[in-house]
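Student: Hey, dropping protein_36.pdb in here, PDB, C-alpha atoms, pLDDT in the B column:
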MODEL        1
ATOM      1  CA  MET A   1      72.445 119.079  83.317  1.00 77.00           C
ATOM      2  CA  LEU A   2      75.019 116.305  83.550  1.00 81.00           C
ATOM      3  CA  LEU A   3      73.116 114.641  86.381  1.00 85.00           C
ATOM      4  CA  HIS A   4      69.822 115.089  84.524  1.00 83.00           C
ATOM      5  CA  ASP A   5      71.201 113.649  81.274  1.00 82.00           C
ATOM      6  CA  THR A   6      72.893 110.774  83.098  1.00 87.00           C
ATOM      7  CA  GLY A   7      69.611 109.961  84.837  1.00 88.00           C
ATOM      8  CA  LEU A   8      67.774 109.885  81.514  1.00 85.00           C
ATOM      9  CA  VAL A   9      70.292 107.541  79.920  1.00 85.00           C
ATOM     10  CA  PHE A  10      70.472 105.380  83.036  1.00 89.00           C
ATOM     11  CA  GLY A  11      66.687 105.116  83.177  1.00 89.00           C
ATOM     12  CA  ARG A  12      66.463 104.071  79.539  1.00 85.00           C
ATOM     13  CA  TYR A  13      68.940 101.225  79.895  1.00 85.00           C
ATOM     14  CA  ALA A  14      67.730 100.243  83.359  1.00 86.00           C
ATOM     15  CA  ARG A  15      64.226  99.730  81.975  1.00 86.00           C
ATOM     16  CA  GLN A  16      65.678  97.541  79.250  1.00 82.00           C
ATOM     17  CA  ALA A  17      67.419  95.412  81.867  1.00 81.00           C
ATOM     18  CA  LEU A  18      64.324  95.139  84.055  1.00 79.00           C
ATOM     19  CA  ARG A  19      62.245  93.950  81.112  1.00 79.00           C
ATOM     20  CA  SER A  20      64.665  91.063  80.662  1.00 71.00           C
ATOM     21  CA  GLY A  21      64.457  88.955  83.814  1.00 66.00           C
ATOM     22  CA  PHE A  22      66.424  86.245  82.029  1.00 67.00           C
ATOM     23  CA  HIS A  23      69.350  88.647  81.610  1.00 67.00           C
ATOM     24  CA  LEU A  24      69.179  89.682  85.267  1.00 70.00           C
ATOM     25  CA  LEU A  25      69.531  86.135  86.548  1.00 71.00           C
ATOM     26  CA  PHE A  26      71.559  84.439  83.824  1.00 73.00           C
ATOM     27  CA  GLY A  27      74.661  86.515  84.546  1.00 74.00           C
ATOM     28  CA  THR A  28      75.039  84.829  87.931  1.00 78.00           C
ATOM     29  CA  LEU A  29      74.817  81.306  86.502  1.00 80.00           C
ATOM     30  CA  MET A  30      78.537  80.639  85.941  1.00 81.00           C
ATOM     31  CA  PRO A  31      79.728  82.029  89.315  1.00 83.00           C
ATOM     32  CA  LEU A  32      76.881  80.144  90.986  1.00 85.00           C
ATOM     33  CA  LEU A  33      77.995  76.883  89.374  1.00 86.00           C
ATOM     34  CA  TYR A  34      81.533  77.509  90.624  1.00 85.00           C
ATOM     35  CA  LEU A  35      80.091  78.162  94.066  1.00 87.00           C
ATOM     36  CA  LEU A  36      78.010  74.975  94.084  1.00 87.00           C
ATOM     37  CA  PHE A  37      80.495  72.549  92.527  1.00 85.00           C
ATOM     38  CA  PHE A  38      83.921  74.055  93.234  1.00 83.00           C
ATOM     39  CA  GLY A  39      83.338  75.555  96.671  1.00 81.00           C
ATOM     40  CA  PRO A  40      82.757  72.270  98.542  1.00 81.00           C
ATOM     41  CA  LEU A  41      86.062  70.915  97.175  1.00 80.00           C
ATOM     42  CA  LEU A  42      87.941  73.689  98.994  1.00 78.00           C
ATOM     43  CA  THR A  43      86.179  73.364 102.351  1.00 76.00           C
ATOM     44  CA  GLY A  44      88.726  73.056 105.128  1.00 70.00           C
ATOM     45  CA  LEU A  45      91.785  73.588 102.933  1.00 67.00           C
ATOM     46  CA  PRO A  46      94.420  76.112 104.174  1.00 67.00           C
ATOM     47  CA  LEU A  47      94.182  78.586 101.299  1.00 69.00           C
ATOM     48  CA  GLY A  48      95.522  81.675 103.015  1.00 65.00           C
ATOM     49  CA  PRO A  49      96.869  83.151 106.244  1.00 64.00           C
ATOM     50  CA  ARG A  50      93.420  84.477 107.186  1.00 67.00           C
ATOM     51  CA  GLY A  51      89.890  83.262 106.621  1.00 68.00           C
ATOM     52  CA  ASP A  52      88.373  80.002 105.518  1.00 79.00           C
ATOM     53  CA  SER A  53      87.863  78.662 102.008  1.00 84.00           C
ATOM     54  CA  TRP A  54      84.551  80.495 101.514  1.00 89.00           C
ATOM     55  CA  GLN A  55      86.141  83.824 102.435  1.00 89.00           C
ATOM     56  CA  VAL A  56      88.744  83.146  99.746  1.00 89.00           C
ATOM     57  CA  LEU A  57      86.460  81.816  97.018  1.00 89.00           C
ATOM     58  CA  VAL A  58      83.454  84.159  97.211  1.00 92.00           C
ATOM     59  CA  PRO A  59      85.350  87.470  96.732  1.00 94.00           C
ATOM     60  CA  GLY A  60      87.050  85.964  93.693  1.00 92.00           C
ATOM     61  CA  LEU A  61      83.731  84.852  92.225  1.00 92.00           C
ATOM     62  CA  LEU A  62      82.221  88.311  92.737  1.00 95.00           C
ATOM     63  CA  LEU A  63      85.086  89.957  90.878  1.00 95.00           C
ATOM     64  CA  GLN A  64      84.891  87.284  88.188  1.00 93.00           C
ATOM     65  CA  LEU A  65      81.228  88.199  87.745  1.00 92.00           C
ATOM     66  CA  ALA A  66      82.170  91.878  87.349  1.00 94.00           C
ATOM     67  CA  LEU A  67      85.113  91.064  85.070  1.00 94.00           C
ATOM     68  CA  PHE A  68      83.178  89.143  82.447  1.00 92.00           C
ATOM     69  CA  GLY A  69      79.876  90.970  82.853  1.00 91.00           C
ATOM     70  CA  ALA A  70      81.372  94.424  82.352  1.00 93.00           C
ATOM     71  CA  ALA A  71      84.029  93.489  79.788  1.00 93.00           C
ATOM     72  CA  PHE A  72      81.389  92.282  77.321  1.00 91.00           C
ATOM     73  CA  ALA A  73      79.001  95.204  77.940  1.00 90.00           C
ATOM     74  CA  GLY A  74      80.161  96.892  74.733  1.00 89.00           C
ATOM     75  CA  ILE A  75      78.335  94.324  72.624  1.00 88.00           C
ATOM     76  CA  SER A  76      75.164  96.370  73.146  1.00 84.00           C
ATOM     77  CA  VAL A  77      76.765  99.427  71.505  1.00 84.00           C
ATOM     78  CA  ILE A  78      77.694  97.358  68.442  1.00 85.00           C
ATOM     79  CA  VAL A  79      74.086  96.142  68.203  1.00 81.00           C
ATOM     80  CA  GLU A  80      72.723  99.684  68.651  1.00 79.00           C
ATOM     81  CA  ASN A  81      75.082 100.950  65.968  1.00 75.00           C
ATOM     82  CA  THR A  82      73.689  98.472  63.453  1.00 74.00           C
ATOM     83  CA  GLN A  83      70.130  99.464  64.386  1.00 72.00           C
ATOM     84  CA  GLY A  84      70.787 103.200  64.011  1.00 69.00           C
ATOM     85  CA  VAL A  85      70.359 104.017  67.709  1.00 68.00           C
ATOM     86  CA  VAL A  86      73.854 105.467  68.014  1.00 65.00           C
ATOM     87  CA  GLU A  87      73.271 107.585  64.898  1.00 67.00           C
ATOM     88  CA  ARG A  88      70.114 109.092  66.411  1.00 71.00           C
ATOM     89  CA  MET A  89      71.922 109.868  69.663  1.00 68.00           C
ATOM     90  CA  ARG A  90      74.542 111.845  67.770  1.00 64.00           C
ATOM     91  CA  VAL A  91      72.061 114.624  67.033  1.00 64.00           C
ATOM     92  CA  THR A  92      70.859 115.005  70.630  1.00 69.00           C
ATOM     93  CA  PRO A  93      72.259 117.708  72.962  1.00 70.00           C
ATOM     94  CA  VAL A  94      72.877 115.149  75.703  1.00 74.00           C
ATOM     95  CA  SER A  95      76.356 115.300  77.239  1.00 76.00           C
ATOM     96  CA  ARG A  96      78.743 112.684  75.838  1.00 75.00           C
ATOM     97  CA  LEU A  97      79.892 111.966  79.389  1.00 82.00           C
ATOM     98  CA  ALA A  98      76.257 111.335  80.369  1.00 83.00           C
ATOM     99  CA  LEU A  99      75.857 108.902  77.472  1.00 83.00           C
ATOM    100  CA  LEU A 100      78.749 106.910  78.900  1.00 87.00           C
ATOM    101  CA  LEU A 101      77.918 107.277  82.609  1.00 90.00           C
ATOM    102  CA  GLY A 102      74.282 106.295  82.127  1.00 89.00           C
ATOM    103  CA  ARG A 103      75.351 103.060  80.502  1.00 90.00           C
ATOM    104  CA  VAL A 104      78.122 102.121  82.927  1.00 94.00           C
ATOM    105  CA  LEU A 105      76.073 102.978  86.021  1.00 94.00           C
ATOM    106  CA  ARG A 106      73.322 100.675  84.755  1.00 93.00           C
ATOM    107  CA  ASP A 107      75.921  97.929  84.287  1.00 93.00           C
ATOM    108  CA  ALA A 108      77.372  98.542  87.747  1.00 95.00           C
ATOM    109  CA  ALA A 109      73.923  98.446  89.381  1.00 94.00           C
ATOM    110  CA  LEU A 110      73.062  95.224  87.552  1.00 92.00           C
ATOM    111  CA  LEU A 111      76.300  93.515  88.560  1.00 94.00           C
ATOM    112  CA  VAL A 112      75.959  94.614  92.184  1.00 95.00           C
ATOM    113  CA  PHE A 113      72.422  93.193  92.224  1.00 92.00           C
ATOM    114  CA  GLN A 114      73.711  89.907  90.821  1.00 92.00           C
ATOM    115  CA  SER A 115      76.481  89.976  93.435  1.00 94.00           C
ATOM    116  CA  VAL A 116      73.878  90.257  96.189  1.00 94.00           C
ATOM    117  CA  LEU A 117      72.184  87.113  94.875  1.00 91.00           C
ATOM    118  CA  LEU A 118      75.511  85.291  94.781  1.00 93.00           C
ATOM    119  CA  VAL A 119      76.395  86.315  98.333  1.00 95.00           C
ATOM    120  CA  LEU A 120      72.991  85.162  99.593  1.00 94.00           C
ATOM    121  CA  ALA A 121      73.614  81.760  98.010  1.00 92.00           C
ATOM    122  CA  ALA A 122      77.103  81.660  99.543  1.00 93.00           C
ATOM    123  CA  LEU A 123      75.720  82.487 102.994  1.00 93.00           C
ATOM    124  CA  ALA A 124      73.334  79.561 102.672  1.00 92.00           C
ATOM    125  CA  MET A 125      76.276  77.298 101.816  1.00 89.00           C
ATOM    126  CA  GLY A 126      78.436  78.331 104.757  1.00 86.00           C
ATOM    127  CA  LEU A 127      80.035  81.703 104.091  1.00 89.00           C
ATOM    128  CA  ARG A 128      80.579  83.750 107.240  1.00 90.00           C
ATOM    129  CA  ALA A 129      81.812  87.296 106.769  1.00 92.00           C
ATOM    130  CA  PRO A 130      81.242  90.639 108.535  1.00 94.00           C
ATOM    131  CA  LEU A 131      78.558  92.874 107.071  1.00 95.00           C
ATOM    132  CA  GLY A 132      81.088  95.666 106.595  1.00 95.00           C
ATOM    133  CA  GLY A 133      83.326  93.390 104.549  1.00 95.00           C
ATOM    134  CA  ILE A 134      80.436  92.281 102.358  1.00 96.00           C
ATOM    135  CA  LEU A 135      79.406  95.892 101.694  1.00 97.00           C
ATOM    136  CA  ILE A 136      83.002  96.840 100.871  1.00 96.00           C
ATOM    137  CA  GLY A 137      83.052  93.927  98.438  1.00 96.00           C
ATOM    138  CA  PHE A 138      79.994  95.308  96.648  1.00 97.00           C
ATOM    139  CA  GLY A 139      81.831  98.614  96.361  1.00 97.00           C
ATOM    140  CA  PHE A 140      84.774  96.917  94.666  1.00 97.00           C
ATOM    141  CA  VAL A 141      82.405  95.127  92.293  1.00 97.00           C
ATOM    142  CA  GLY A 142      80.772  98.428  91.353  1.00 96.00           C
ATOM    143  CA  LEU A 143      84.095 100.213  90.751  1.00 96.00           C
ATOM    144  CA  LEU A 144      85.451  97.353  88.647  1.00 96.00           C
ATOM    145  CA  ALA A 145      82.221  97.284  86.650  1.00 96.00           C
ATOM    146  CA  VAL A 146      82.456 101.028  85.950  1.00 96.00           C
ATOM    147  CA  SER A 147      86.079 100.658  84.853  1.00 96.00           C
ATOM    148  CA  LEU A 148      85.690  97.690  82.549  1.00 96.00           C
ATOM    149  CA  ALA A 149      82.329  98.754  81.105  1.00 95.00           C
ATOM    150  CA  SER A 150      83.801 102.160  80.183  1.00 95.00           C
ATOM    151  CA  LEU A 151      86.701 100.513  78.365  1.00 95.00           C
ATOM    152  CA  SER A 152      84.352  97.984  76.770  1.00 94.00           C
ATOM    153  CA  TYR A 153      82.126 100.706  75.321  1.00 92.00           C
ATOM    154  CA  ALA A 154      85.192 102.578  74.081  1.00 91.00           C
ATOM    155  CA  LEU A 155      86.422  99.445  72.318  1.00 93.00           C
ATOM    156  CA  ALA A 156      82.977  98.774  70.854  1.00 90.00           C
ATOM    157  CA  LEU A 157      82.999 102.179  69.161  1.00 86.00           C
ATOM    158  CA  ARG A 158      86.352 101.369  67.550  1.00 86.00           C
ATOM    159  CA  VAL A 159      85.476  97.975  66.055  1.00 85.00           C
ATOM    160  CA  ARG A 160      83.038  97.192  63.281  1.00 74.00           C
ATOM    161  CA  ALA A 161      81.580  93.822  64.249  1.00 76.00           C
ATOM    162  CA  PRO A 162      81.145  91.480  67.227  1.00 78.00           C
ATOM    163  CA  GLN A 163      83.617  89.124  65.521  1.00 84.00           C
ATOM    164  CA  GLU A 164      86.325  91.710  66.147  1.00 86.00           C
ATOM    165  CA  PHE A 165      85.143  92.648  69.632  1.00 91.00           C
ATOM    166  CA  GLY A 166      84.990  89.177  71.193  1.00 88.00           C
ATOM    167  CA  PRO A 167      88.585  88.017  70.550  1.00 91.00           C
ATOM    168  CA  VAL A 168      90.033  91.264  71.917  1.00 92.00           C
ATOM    169  CA  VAL A 169      88.007  91.026  75.114  1.00 92.00           C
ATOM    170  CA  ASN A 170      88.884  87.343  75.581  1.00 91.00           C
ATOM    171  CA  ALA A 171      92.569  88.118  75.069  1.00 91.00           C
ATOM    172  CA  VAL A 172      92.387  90.546  78.004  1.00 91.00           C
ATOM    173  CA  THR A 173      89.961  88.882  80.406  1.00 92.00           C
ATOM    174  CA  MET A 174      91.391  85.361  80.414  1.00 90.00           C
ATOM    175  CA  PRO A 175      94.949  86.373  81.431  1.00 89.00           C
ATOM    176  CA  ALA A 176      93.444  88.796  83.953  1.00 90.00           C
ATOM    177  CA  MET A 177      91.427  85.992  85.544  1.00 90.00           C
ATOM    178  CA  LEU A 178      94.342  83.549  85.627  1.00 87.00           C
ATOM    179  CA  LEU A 179      96.991  85.988  86.885  1.00 90.00           C
ATOM    180  CA  SER A 180      94.897  87.790  89.498  1.00 91.00           C
ATOM    181  CA  GLY A 181      94.151  84.747  91.639  1.00 88.00           C
ATOM    182  CA  LEU A 182      90.380  84.926  91.329  1.00 88.00           C
ATOM    183  CA  MET A 183      89.880  81.228  91.985  1.00 83.00           C
ATOM    184  CA  LEU A 184      92.819  80.512  94.312  1.00 81.00           C
ATOM    185  CA  PRO A 185      95.346  82.814  96.008  1.00 83.00           C
ATOM    186  CA  MET A 186      98.461  83.378  93.909  1.00 84.00           C
ATOM    187  CA  THR A 187     100.562  82.830  97.033  1.00 81.00           C
ATOM    188  CA  LEU A 188      99.903  79.106  96.573  1.00 80.00           C
ATOM    189  CA  GLY A 189     101.867  79.147  93.314  1.00 80.00           C
ATOM    190  CA  PRO A 190     105.589  79.472  92.636  1.00 88.00           C
ATOM    191  CA  GLY A 191     107.291  82.698  93.633  1.00 88.00           C
ATOM    192  CA  TRP A 192     107.846  83.946  90.070  1.00 89.00           C
ATOM    193  CA  LEU A 193     104.146  83.598  89.275  1.00 89.00           C
ATOM    194  CA  ASP A 194     103.121  85.370  92.471  1.00 87.00           C
ATOM    195  CA  THR A 195     105.511  88.226  91.643  1.00 90.00           C
ATOM    196  CA  LEU A 196     104.238  88.473  88.065  1.00 90.00           C
ATOM    197  CA  SER A 197     100.642  88.632  89.236  1.00 90.00           C
ATOM    198  CA  HIS A 198     101.292  91.889  91.120  1.00 89.00           C
ATOM    199  CA  ALA A 199     101.516  93.634  87.741  1.00 89.00           C
ATOM    200  CA  MET A 200      97.832  92.772  87.206  1.00 91.00           C
ATOM    201  CA  PRO A 201      95.629  95.541  88.723  1.00 92.00           C
ATOM    202  CA  LEU A 202      92.836  93.058  89.439  1.00 94.00           C
ATOM    203  CA  ARG A 203      95.160  91.178  91.812  1.00 94.00           C
ATOM    204  CA  HIS A 204      95.085  94.105  94.256  1.00 94.00           C
ATOM    205  CA  LEU A 205      91.284  94.198  94.239  1.00 95.00           C
ATOM    206  CA  VAL A 206      91.140  90.463  94.927  1.00 94.00           C
ATOM    207  CA  ASP A 207      93.518  90.713  97.892  1.00 93.00           C
ATOM    208  CA  ALA A 208      91.631  93.709  99.311  1.00 95.00           C
ATOM    209  CA  MET A 209      88.252  91.991  99.065  1.00 95.00           C
ATOM    210  CA  ARG A 210      89.542  88.865 100.749  1.00 93.00           C
ATOM    211  CA  ASP A 211      90.904  90.958 103.618  1.00 93.00           C
ATOM    212  CA  ALA A 212      87.542  92.730 103.883  1.00 94.00           C
ATOM    213  CA  TYR A 213      85.732  89.391 104.124  1.00 94.00           C
ATOM    214  CA  THR A 214      87.882  88.500 107.144  1.00 91.00           C
ATOM    215  CA  GLY A 215      87.258  91.856 108.820  1.00 91.00           C
ATOM    216  CA  ALA A 216      90.782  93.222 108.154  1.00 90.00           C
ATOM    217  CA  TYR A 217      90.031  96.768 106.989  1.00 91.00           C
ATOM    218  CA  THR A 218      93.354  98.524 107.723  1.00 88.00           C
ATOM    219  CA  THR A 219      95.847  96.299 105.918  1.00 88.00           C
ATOM    220  CA  ALA A 220      98.225  97.337 103.135  1.00 91.00           C
ATOM    221  CA  PRO A 221      96.387  95.189 100.541  1.00 90.00           C
ATOM    222  CA  MET A 222      93.158  97.013 101.415  1.00 94.00           C
ATOM    223  CA  LEU A 223      94.814 100.402 100.849  1.00 95.00           C
ATOM    224  CA  TYR A 224      96.353  99.295  97.552  1.00 95.00           C
ATOM    225  CA  GLY A 225      93.061  97.800  96.429  1.00 95.00           C
ATOM    226  CA  VAL A 226      91.111 100.995  97.088  1.00 96.00           C
ATOM    227  CA  LEU A 227      93.706 103.163  95.334  1.00 97.00           C
ATOM    228  CA  VAL A 228      93.880 100.858  92.305  1.00 96.00           C
ATOM    229  CA  ALA A 229      90.089 100.581  92.046  1.00 96.00           C
ATOM    230  CA  LEU A 230      89.571 104.348  92.192  1.00 97.00           C
ATOM    231  CA  GLY A 231      92.477 105.101  89.857  1.00 97.00           C
ATOM    232  CA  LEU A 232      91.363 102.522  87.313  1.00 96.00           C
ATOM    233  CA  ALA A 233      87.782 103.821  87.375  1.00 95.00           C
ATOM    234  CA  GLY A 234      88.895 107.417  86.850  1.00 95.00           C
ATOM    235  CA  LEU A 235      91.242 106.501  83.996  1.00 96.00           C
ATOM    236  CA  ALA A 236      88.689 104.255  82.280  1.00 95.00           C
ATOM    237  CA  VAL A 237      85.892 106.848  82.430  1.00 93.00           C
ATOM    238  CA  THR A 238      88.268 109.472  81.015  1.00 93.00           C
ATOM    239  CA  VAL A 239      89.259 107.213  78.126  1.00 93.00           C
ATOM    240  CA  GLY A 240      85.658 106.201  77.470  1.00 90.00           C
ATOM    241  CA  THR A 241      84.456 109.802  77.441  1.00 88.00           C
ATOM    242  CA  ARG A 242      87.126 110.847  74.944  1.00 89.00           C
ATOM    243  CA  VAL A 243      86.232 107.989  72.618  1.00 86.00           C
ATOM    244  CA  PHE A 244      82.523 108.877  72.844  1.00 80.00           C
ATOM    245  CA  ARG A 245      83.278 112.500  72.005  1.00 79.00           C
ATOM    246  CA  ARG A 246      85.473 111.611  69.043  1.00 79.00           C
ATOM    247  CA  ALA A 247      82.941 109.140  67.732  1.00 68.00           C
ATOM    248  CA  GLY A 248      80.154 111.703  68.100  1.00 57.00           C
ATOM    249  CA  ALA A 249      78.156 109.142  69.993  1.00 45.00           C
TER     250      ALA A 249
ENDMDL
END
Go ahead and express the file in the form of structure tokens.
Tutor:
Amino acid sequence: MLLHDTGLVFGRYARQALRSGFHLLFGTLMPLLYLLFFGPLLTGLPLGPRGDSWQVLVPGLLLQLALFGAAFAGISVIVENTQGVVERMRVTPVSRLALLLGRVLRDAALLVFQSVLLVLAALAMGLRAPLGGILIGFGFVGLLAVSLASLSYALALRVRAPQEFGPVVNAVTMPAMLLSGLMLPMTLGPGWLDTLSHAMPLRHLVDAMRDAYTGAYTTAPMLYGVLVALGLAGLAVTVGTRVFRRAGA
């Protein structure tokens, strides 16, 4: 029943996304602009011990896409709440976990699709990475999307208006982007900043993806990245499910 209910919810929101081609493509606009205008500035610069500038920049842009795309996913719940959709769902026998999973899996699928478009553009601009590393990168994008979308929906059920939701999300996502080294490796900064950044879970995903894009699949950063991604996804889904149950959504 859980799989059946999750499929129903996923199908509903997937059809909404497919009807909005603008939404499908617009999410990649900001990372694509970074790729087009920021990427050429880094060409040939020694940004890390392994890989070229594209292998450093592209993984960061993919995780940036997942970070902002999933963190603001909860806006849709606030809109549905004002339209009475959430109220109607309260009286259905659908599993509360399915109501959450259907939403976050749609978000993860959408962000992975947008990541594919971004990688294709990067390949045309000069990115060279092993297929295995690219596929592993999509896996990290999907796990991060599940984690952040779950927490975003949980937050959306706790606030009353988008005016309350936006500042909270910005207060979390901006430090996460700056301290995780999405744009440039944190090893280029002072030692204290590099040390501080290790407290940011996203930092471990960034390092793991960059190793994957160079074909280094058995490094310590890769192991830490996988463990952090899986642990964060499990914790976020648990928190999101509890909030959905308490809210009767």
Student: To one decimal place in Å, what is the distance between atom CA of Ser152 of chain A and atom CA of Thr241 of chain A?
Tutor: 11.8 Å
Student: Hey, what's within 8 Å of segment 139-147 of chain A if we count all atoms listed in the file and toss same-chain stuff fewer than 2 positions away? As a count of residues only, please?
Tutor: 31
Student: At what distance in Å, to one decimal, does atom CA of Gly27 of chain A lie from atom CA of Trp54 of chain A?
Tutor: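 A separation of 20.5 Å between them.
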Student: Taking the file above as input, evaluate the PyMOL selection byres ((chain A and resi 180-192) around 10) and report the hits as JSON, numbers by chain.
Tutor: {"A": [34, 38, 39, 42, 46, 47, 48, 49, 53, 56, 57, 58, 59, 60, 61, 62, 63, 64, 175, 176, 177, 178, 179, 193, 194, 195, 196, 197, 198, 199, 200, 201, 202, 203, 204, 205, 206, 207, 210]}
Student: Quick one: of A:Ala212, A:Leu97, A:Leu131, A:Leu35, who's nearest to Leu2 of chain A, counting all atoms listed in the file?
Tutor: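 Smallest separation from Leu2 of chain A among the options: A:Leu97.
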Student: Return the single residue from A:Ala154, A:Ala122, A:Val159, A:Val116 that is closest to Leu100 of chain A, with distances computed using all atoms listed in the file.
Tutor: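 Of A:Ala154, A:Ala122, A:Val159, A:Val116, the one nearest Leu100 of chain A is A:Ala154, counting all atoms listed in the file.
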Student: Using all atoms listed in the file, which of the listed residues (A:Phe37, A:Phe138, A:Tyr213, A:Tyr13) sits closest to Arg103 of chain A?
Tutor: A:Tyr13
Student: In terms of the shortest atom-to-atom distance over only C-alpha atoms, which of A:Leu99, A:Leu118, A:Leu227, A:Leu8 is closest to Leu36 of chain A?
Tutor: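 The answer is A:Leu118, which sits nearest to Leu36 of chain A.
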Student: For segment 199-203 of chain A, take all atoms listed in the file, fit an axis-aligned box around them, add 8 Å to each of the six sides, then output centre and edge lengths in Å rounded to one decimal, as JSON.
Tutor:
{"center_x": 97.2, "center_y": 93.4, "center_z": 89.5, "size_x": 24.7, "size_y": 20.4, "size_z": 20.6}
Student: Between atom CA of Leu110 of chain A and atom CA of Ala171 of chain A, what distance in Å does the model show, to one decimal?
Tutor: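 A separation of 24.2 Å between them.
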Student: Pull the neighbourhood of (80.5, 86.1, 110.7) for me: all residues within 12 Å in file coordinates, counting only C-alpha atoms, as a list in words.
Tutor: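 The requested residues, written out, are Gly51, Asp52, Trp54, Gln55, Leu123, Gly126, Leu127, Arg128, Ala129, Pro130, Leu131, Gly132, Gly133, Ile134, Ala212, Tyr213, Thr214 and Gly215 of chain A.
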Student: Using the chain letters and numbers from the file, which residues does the PyMOL selection byres ((chain A and resi 244) around 9) grab, as a PyMOL selection string?
Tutor: chain A and resi 96-97+99-100+153-154+157+239-243+245-249
Student: Find the residues with any atom within 10 Å of (69.2, 109.8, 83.1); use all atoms listed in the file and the coordinates as given in the file, and write the answer as a ChimeraX atom specification.
Tutor: /A:1-14,94,98-99,101-103
Student: Can you complete the atoms of segment 103-116 of chain A to N, CA and C atoms and list them as a PDB file, in the coordinates of the input?
Tutor:
ATOM      1  N   ARG A 103      75.170 104.472  80.848  1.00 90.00           N
ATOM      2  CA  ARG A 103      75.351 103.060  80.502  1.00 90.00           C
ATOM      3  C   ARG A 103      76.123 102.305  81.596  1.00 90.00           C
ATOM      4  N   VAL A 104      77.270 102.870  82.000  1.00 94.00           N
ATOM      5  CA  VAL A 104      78.122 102.121  82.927  1.00 94.00           C
ATOM      6  C   VAL A 104      77.503 102.037  84.318  1.00 94.00           C
ATOM      7  N   LEU A 105      76.740 103.058  84.722  1.00 94.00           N
ATOM      8  CA  LEU A 105      76.073 102.978  86.021  1.00 94.00           C
ATOM      9  C   LEU A 105      74.980 101.922  86.001  1.00 94.00           C
ATOM     10  N   ARG A 106      74.297 101.773  84.864  1.00 93.00           N
ATOM     11  CA  ARG A 106      73.322 100.675  84.755  1.00 93.00           C
ATOM     12  C   ARG A 106      74.031  99.330  84.880  1.00 93.00           C
ATOM     13  N   ASP A 107      75.169  99.187  84.207  1.00 93.00           N
ATOM     14  CA  ASP A 107      75.921  97.929  84.287  1.00 93.00           C
ATOM     15  C   ASP A 107      76.400  97.667  85.708  1.00 93.00           C
ATOM     16  N   ALA A 108      76.897  98.711  86.376  1.00 95.00           N
ATOM     17  CA  ALA A 108      77.372  98.542  87.747  1.00 95.00           C
ATOM     18  C   ALA A 108      76.230  98.140  88.679  1.00 95.00           C
ATOM     19  N   ALA A 109      75.076  98.781  88.534  1.00 94.00           N
ATOM     20  CA  ALA A 109      73.923  98.446  89.381  1.00 94.00           C
ATOM     21  C   ALA A 109      73.473  97.014  89.145  1.00 94.00           C
ATOM     22  N   LEU A 110      73.470  96.587  87.884  1.00 92.00           N
ATOM     23  CA  LEU A 110      73.062  95.224  87.552  1.00 92.00           C
ATOM     24  C   LEU A 110      74.019  94.208  88.156  1.00 92.00           C
ATOM     25  N   LEU A 111      75.320  94.468  88.046  1.00 94.00           N
ATOM     26  CA  LEU A 111      76.300  93.515  88.560  1.00 94.00           C
ATOM     27  C   LEU A 111      76.317  93.485  90.082  1.00 94.00           C
ATOM     28  N   VAL A 112      76.061  94.617  90.725  1.00 95.00           N
ATOM     29  CA  VAL A 112      75.959  94.614  92.184  1.00 95.00           C
ATOM     30  C   VAL A 112      74.733  93.821  92.624  1.00 95.00           C
ATOM     31  N   PHE A 113      73.625  93.974  91.906  1.00 92.00           N
ATOM     32  CA  PHE A 113      72.422  93.193  92.224  1.00 92.00           C
ATOM     33  C   PHE A 113      72.701  91.696  92.078  1.00 92.00           C
ATOM     34  N   GLN A 114      73.366  91.308  91.007  1.00 92.00           N
ATOM     35  CA  GLN A 114      73.711  89.907  90.821  1.00 92.00           C
ATOM     36  C   GLN A 114      74.681  89.429  91.904  1.00 92.00           C
ATOM     37  N   SER A 115      75.560  90.331  92.360  1.00 94.00           N
ATOM     38  CA  SER A 115      76.481  89.976  93.435  1.00 94.00           C
ATOM     39  C   SER A 115      75.739  89.710  94.735  1.00 94.00           C
ATOM     40  N   VAL A 116      74.693  90.486  94.985  1.00 94.00           N
ATOM     41  CA  VAL A 116      73.878  90.257  96.189  1.00 94.00           C
ATOM     42  C   VAL A 116      73.273  88.864  96.149  1.00 94.00           C
TER      43      VAL A 116
END
